[in-house]
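Trainee: Before we start, here is the structure in question, set down as structure tokens.
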Amino acid sequence: MLAGLLFAMHDADDRPAMLTATLPFGGVTLIEYQARLLIAAGASQIVILVARLTPELLGAISRIGKRGVAVDTVRTAAEAAAKLHPLARVLMLADGLTTTEDVLAVLAREGSDALLVMPEDQATGGYERVGSGMVWAGVARLDPARLGELAAMPRDYDVQSTLVRLASQARAVHVLLPQEAVRGGHGVGHAGAALEARGRTVMAAMISGRNGWFERFVTAPLARAVIPLLVPRTVPVVAVAGGAGAIGVAGLALTLFDQPVSGLLLALLATLGLSLAAALADLRDESASQRLLDLAAKLLPAGAAILYGVQATQFSGDRAAEILGIGLVLLAVLGERALGTRPRRLWWGSAPAYLGCTWLGALFAAPVTGLGLAAIYAAATLTAAIERLRREP
């Protein structure tokens, strides 16, 4: 069993009377983002050590609880020890920590006490020293017994710092923080301005992790430019999705009425918009909306390709374009099912990439060529995916 330990104790350095844990981060509060990381790592219980229960913190705790995880608020180490199962692995995140799922996954594994560390000369002020020229980087895996040991000590000890020292005394394993994690926004601090900057970096890292050349070189750079503008303005996901949907409907209509160059281009732009809306929903922890938008970003290119094939058939005298359009969609669907959520190679295709090939065919008034190239690309991706599945144990 994995349990999470979070802190809402420290006031923000530049926001008087506001807890660092309730500062905005990616459209939610920081503590909600931390809880999301813990849940993604497999935590079924989250204990939050609080100094005071502010309205913002109460709202955040309520929203965390709606994700199907047990949430308890405590004020002392003794209360925390009483809430945690004695056989649980406790994953502790520092107050004011920003990081990513990949970093947390390393400490979420089975094992004894462990501390995520980084060289002292690479850290800014405010990090806990743990000896050997290292500082604590804000994540620890603890035995629940550490909380019991702390509960027996005077109550004026700082819980977070003392737990780190107790783990060190118990010969906790030191896990070195990867350099790329710092570039990806990992850090600990209590200044709202610095947190905002790290938040933009974390969002960029999350979006850049999308696979496939189209997503990496087209969707991700666009998302890194647009999403940081949307988040501070609390633009709702439905507004972004609605705008993209309207553009997509216009694109399908133009394609149907024999304007494939502009119609397919609008459909491609709408697909990008739906992908941006899905990324925004992911950041705001709107999982149902994200799944729906991801599906829409695949269905729209499929509909555009079939409509283009049907429309091109009316002027060609044969059904080659129509058959290629339907075949392209079938191959793309089979490829998606074969790939699932597995990592993809850079050259492998995706729905917007196939639509881009189709649009190039329309641009040169060669629908059969465009749809044929897209179908060959989808077939190559499917073949490579099946071959990888065969090699997997």
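We name chains A, B, ... following the order of the structure tokens; residues begin at 1 in each chain, and ligands are numbered from 1 as shown.
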Extract, using only C-alpha atoms, all DNA, RNA and protein residues at most 10 Å from stretch 329-334 of chain A, discarding same-chain residues fewer than 5 positions from it, and format them as a list in words.

Mentor: Lys298, Leu299, Pro301, Ala302, Gly303, Ala305, Ile306, Leu324, Leu339, Gly340, Gly349, Ser350, Ala351, Tyr354, Ala374, Ala375, Ile376, Tyr377, Ala378, Ala379, Ala380, Thr381, Leu382, Thr383, Ala385 and Ile386 of chain A

Trainee: Keeping only N, CA and C atoms, write the selected residues as an mmCIF file, in the first residue's frame.

Mentor:
```
data_model
loop_
_atom_site.group_PDB
_atom_site.id
_atom_site.type_symbol
_atom_site.label_atom_id
_atom_site.label_comp_id
_atom_site.auth_asym_id
_atom_site.auth_seq_id
_atom_site.Cartn_x
_atom_site.Cartn_y
_atom_site.Cartn_z
ATOM 1 N N LYS A 298 -9.181 12.490 -32.732
ATOM 2 C CA LYS A 298 -8.938 11.377 -33.658
ATOM 3 C C LYS A 298 -10.098 11.206 -34.637
ATOM 4 N N LEU A 299 -11.325 11.475 -34.164
ATOM 5 C CA LEU A 299 -12.491 11.291 -35.024
ATOM 6 C C LEU A 299 -12.590 12.368 -36.099
ATOM 7 N N PRO A 301 -10.168 14.090 -37.846
ATOM 8 C CA PRO A 301 -9.381 13.776 -39.058
ATOM 9 C C PRO A 301 -9.946 12.593 -39.843
ATOM 10 N N ALA A 302 -10.485 11.597 -39.122
ATOM 11 C CA ALA A 302 -11.070 10.440 -39.806
ATOM 12 C C ALA A 302 -12.270 10.869 -40.649
ATOM 13 N N GLY A 303 -13.139 11.689 -40.068
ATOM 14 C CA GLY A 303 -14.297 12.174 -40.805
ATOM 15 C C GLY A 303 -13.900 13.019 -41.995
ATOM 16 N N ALA A 305 -11.089 12.847 -43.750
ATOM 17 C CA ALA A 305 -10.495 12.003 -44.788
ATOM 18 C C ALA A 305 -11.568 11.253 -45.571
ATOM 19 N N ILE A 306 -12.561 10.713 -44.888
ATOM 20 C CA ILE A 306 -13.630 9.987 -45.579
ATOM 21 C C ILE A 306 -14.456 10.928 -46.448
ATOM 22 N N LEU A 324 -9.677 4.504 -50.627
ATOM 23 C CA LEU A 324 -8.450 4.852 -49.914
ATOM 24 C C LEU A 324 -8.774 5.599 -48.613
ATOM 25 N N LEU A 339 -1.175 0.154 -30.662
ATOM 26 C CA LEU A 339 -0.238 0.958 -29.869
ATOM 27 C C LEU A 339 -0.734 1.165 -28.451
ATOM 28 N N GLY A 340 -2.036 1.410 -28.304
ATOM 29 C CA GLY A 340 -2.578 1.691 -26.976
ATOM 30 C C GLY A 340 -1.905 2.899 -26.350
ATOM 31 N N GLY A 349 3.051 7.345 -37.198
ATOM 32 C CA GLY A 349 2.005 8.288 -37.546
ATOM 33 C C GLY A 349 0.925 8.426 -36.479
ATOM 34 N N SER A 350 0.080 9.421 -36.685
ATOM 35 C CA SER A 350 -1.062 9.682 -35.820
ATOM 36 C C SER A 350 -2.137 10.337 -36.677
ATOM 37 N N ALA A 351 -3.321 10.517 -36.112
ATOM 38 C CA ALA A 351 -4.442 11.058 -36.880
ATOM 39 C C ALA A 351 -4.114 12.401 -37.549
ATOM 40 N N TYR A 354 -1.651 11.899 -40.518
ATOM 41 C CA TYR A 354 -2.291 11.353 -41.714
ATOM 42 C C TYR A 354 -3.112 12.433 -42.425
ATOM 43 N N ALA A 374 -1.049 8.714 -47.266
ATOM 44 C CA ALA A 374 -1.480 8.631 -45.867
ATOM 45 C C ALA A 374 -1.779 7.185 -45.479
ATOM 46 N N ALA A 375 -2.420 6.428 -46.399
ATOM 47 C CA ALA A 375 -2.739 5.025 -46.119
ATOM 48 C C ALA A 375 -1.473 4.181 -45.994
ATOM 49 N N ILE A 376 -0.491 4.432 -46.869
ATOM 50 C CA ILE A 376 0.786 3.707 -46.779
ATOM 51 C C ILE A 376 1.478 4.017 -45.457
ATOM 52 N N TYR A 377 1.439 5.289 -45.054
ATOM 53 C CA TYR A 377 2.042 5.700 -43.777
ATOM 54 C C TYR A 377 1.360 4.987 -42.610
ATOM 55 N N ALA A 378 0.017 4.937 -42.642
ATOM 56 C CA ALA A 378 -0.724 4.258 -41.572
ATOM 57 C C ALA A 378 -0.413 2.766 -41.559
ATOM 58 N N ALA A 379 -0.278 2.167 -42.754
ATOM 59 C CA ALA A 379 0.043 0.738 -42.830
ATOM 60 C C ALA A 379 1.437 0.458 -42.281
ATOM 61 N N ALA A 380 2.395 1.350 -42.580
ATOM 62 C CA ALA A 380 3.755 1.170 -42.067
ATOM 63 C C ALA A 380 3.781 1.284 -40.543
ATOM 64 N N THR A 381 3.013 2.238 -40.006
ATOM 65 C CA THR A 381 2.937 2.397 -38.552
ATOM 66 C C THR A 381 2.319 1.166 -37.910
ATOM 67 N N LEU A 382 1.232 0.660 -38.508
ATOM 68 C CA LEU A 382 0.569 -0.532 -37.980
ATOM 69 C C LEU A 382 1.509 -1.735 -38.014
ATOM 70 N N THR A 383 2.227 -1.908 -39.115
ATOM 71 C CA THR A 383 3.159 -3.043 -39.236
ATOM 72 C C THR A 383 4.249 -2.975 -38.171
ATOM 73 N N ALA A 385 4.080 -1.427 -35.308
ATOM 74 C CA ALA A 385 3.479 -1.645 -33.990
ATOM 75 C C ALA A 385 3.247 -3.126 -33.732
ATOM 76 N N ILE A 386 2.744 -3.831 -34.731
ATOM 77 C CA ILE A 386 2.508 -5.270 -34.574
ATOM 78 C C ILE A 386 3.821 -6.010 -34.356
#
```

Trainee: I'd like to know which residues of stretch 133-253 of chain A are strand (DSSP E or B) (by DSSP, run on the backbone); could you write them as a list in words?

Mentor: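 So, restricting stretch 133-253 of chain A to strand (DSSP E or B), we get Met134, Val135, Trp136, Ala137, Gly138, Val139, Ala140, Arg141, Leu142, Val173, His174, Val175, Leu176, Gly187 and Val188 of chain A.
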
Trainee: Rank nothing, just name the residue among A:Gly212, A:Gly372, A:Gly4, A:Pro55 nearest to A:Ala320, using only C-alpha atoms.

Mentor: A:Gly372

Trainee: Considering only C-alpha atoms, state which residue in the set A:Ala181, A:Met1, A:Ala312, A:Asp156 is at the smallest distance from A:Val90.

Mentor: A:Met1

Trainee: Which residues are close to A:Met118, i.e. within 10 Å by only C-alpha atoms, leaving aside same-chain residues fewer than 2 positions away? Reply as an MDAnalysis selection string.

Mentor: chainID A and resid 115:116 120:123 127 129:130 133:138 174:179 182

Trainee: At a cut-off of 9 Å, using only C-alpha atoms, what residues contact A:Thr73? Leave out same-chain residues fewer than 5 positions from it and give the result as a PyMOL selection string.

Mentor: chain A and resi 46-50+61+79-80

Trainee: Would you save the residues of that selection, restricted to N, CA and C atoms, as a PDB file, in the first residue's frame?

Mentor:
```
ATOM      1  N   ILE A  46      -4.041   9.808   1.307  1.00  0.00           N
ATOM      2  CA  ILE A  46      -3.226  11.008   1.409  1.00  0.00           C
ATOM      3  C   ILE A  46      -3.486  11.664   2.753  1.00  0.00           C
ATOM      4  N   VAL A  47      -2.417  11.912   3.481  1.00  0.00           N
ATOM      5  CA  VAL A  47      -2.489  12.609   4.769  1.00  0.00           C
ATOM      6  C   VAL A  47      -1.849  13.978   4.586  1.00  0.00           C
ATOM      7  N   ILE A  48      -2.577  15.009   4.984  1.00  0.00           N
ATOM      8  CA  ILE A  48      -2.099  16.378   4.827  1.00  0.00           C
ATOM      9  C   ILE A  48      -1.885  16.993   6.203  1.00  0.00           C
ATOM     10  N   LEU A  49      -0.651  17.382   6.466  1.00  0.00           N
ATOM     11  CA  LEU A  49      -0.313  18.031   7.728  1.00  0.00           C
ATOM     12  C   LEU A  49      -0.548  19.530   7.556  1.00  0.00           C
ATOM     13  N   VAL A  50      -1.448  20.100   8.336  1.00  0.00           N
ATOM     14  CA  VAL A  50      -1.861  21.491   8.138  1.00  0.00           C
ATOM     15  C   VAL A  50      -1.515  22.338   9.356  1.00  0.00           C
ATOM     16  N   ILE A  61      -8.890  20.425  -0.575  1.00  0.00           N
ATOM     17  CA  ILE A  61      -9.020  19.103   0.041  1.00  0.00           C
ATOM     18  C   ILE A  61     -10.292  18.415  -0.441  1.00  0.00           C
ATOM     19  N   GLU A  79      -0.896  12.358  15.141  1.00  0.00           N
ATOM     20  CA  GLU A  79      -2.146  12.149  14.413  1.00  0.00           C
ATOM     21  C   GLU A  79      -1.870  11.510  13.059  1.00  0.00           C
ATOM     22  N   ALA A  80      -0.812  11.935  12.404  1.00  0.00           N
ATOM     23  CA  ALA A  80      -0.460  11.352  11.103  1.00  0.00           C
ATOM     24  C   ALA A  80      -0.115   9.881  11.247  1.00  0.00           C
TER      25      ALA A  80
END
```

Trainee: Write out as a list of chain:residue names each polymer residue whose atoms come within 10 Å of A:Leu30, counting only C-alpha atoms; drop sequence neighbours fewer than 2 positions from it.

Mentor: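 In the requested form, the answer reads A:Ala8, A:Leu19, A:Thr20, A:Ala21, A:Thr22, A:Leu23, A:Pro24, A:Phe25, A:Gly26, A:Gly27, A:Val28, A:Glu32, A:Tyr33, A:Gln34, A:Ala35, A:Arg36, A:Ala60, A:Asp95, A:Gly96, A:Leu97, A:Thr98, A:Leu195, A:Gly199.
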
Trainee: Tell me which protein, DNA and RNA residues are within 10 Å of A:Leu150, counting only C-alpha atoms, leaving out same-chain ones fewer than 4 positions away, and put them as a count of residues only.

Mentor: 14

Trainee: Figure out the distance between atom CA of A:Ala114 and atom CA of A:Leu142, please, to one decimal in Å.

Mentor: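 One can read the atom CA of A:Leu142 to atom CA of A:Ala114 distance as 6.8 Å.
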
Trainee: Could you check the closest approach to A:Leu264 for each of A:Ile64, A:Ala246, A:Cys357, A:Ala151 and tell me which residue wins, using only C-alpha atoms?

Mentor: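 Answer, going by the shortest atom-to-atom distance: A:Cys357.
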
Trainee: Which residues are close to A:Met18, i.e. within 12 Å by only C-alpha atoms, leaving aside same-chain residues fewer than 3 positions away? Reply as a list in words.

Mentor: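 The residues that qualify are Ala8, Met9, His10, Asp11, Ala12, Asp13, Asp14, Arg15, Ala21, Thr22, Leu23, Pro24, Thr29, Ala51, Arg52, Leu53, Thr54, Pro55, Glu56, Leu57, His190, Ala191 and Gly192 of chain A.
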
Trainee: With distances taken over only C-alpha atoms, which residue among A:Arg89, A:Arg141, A:Arg109, A:Arg344 lies nearest A:Val173?

Mentor: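 With only C-alpha atoms as the atom set, the closest residue is A:Arg141.
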
Trainee: Please compute the atom CA of A:Thr271-atom CA of A:Ala297 distance, one decimal, in Å.

Mentor: 5.0 Å

Trainee: Nearest to A:Leu104 among A:His186, A:Arg224, A:Arg216, A:Arg284, with distances taken over only C-alpha atoms: which residue is it?

Mentor: A:His186

Trainee: Among stretch 347-378 of chain A, which residues carry a DSSP assignment of alpha helix (DSSP H), reported as a VMD selection string?

Mentor: chain A and resid 351 to 363 367 to 378

Trainee: Give me, please, the distance in Å between atom CA of A:Trp348 and atom CA of A:Thr219, quoted to one decimal.

Mentor: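 That distance, rounded to one decimal, is 15.0 Å.
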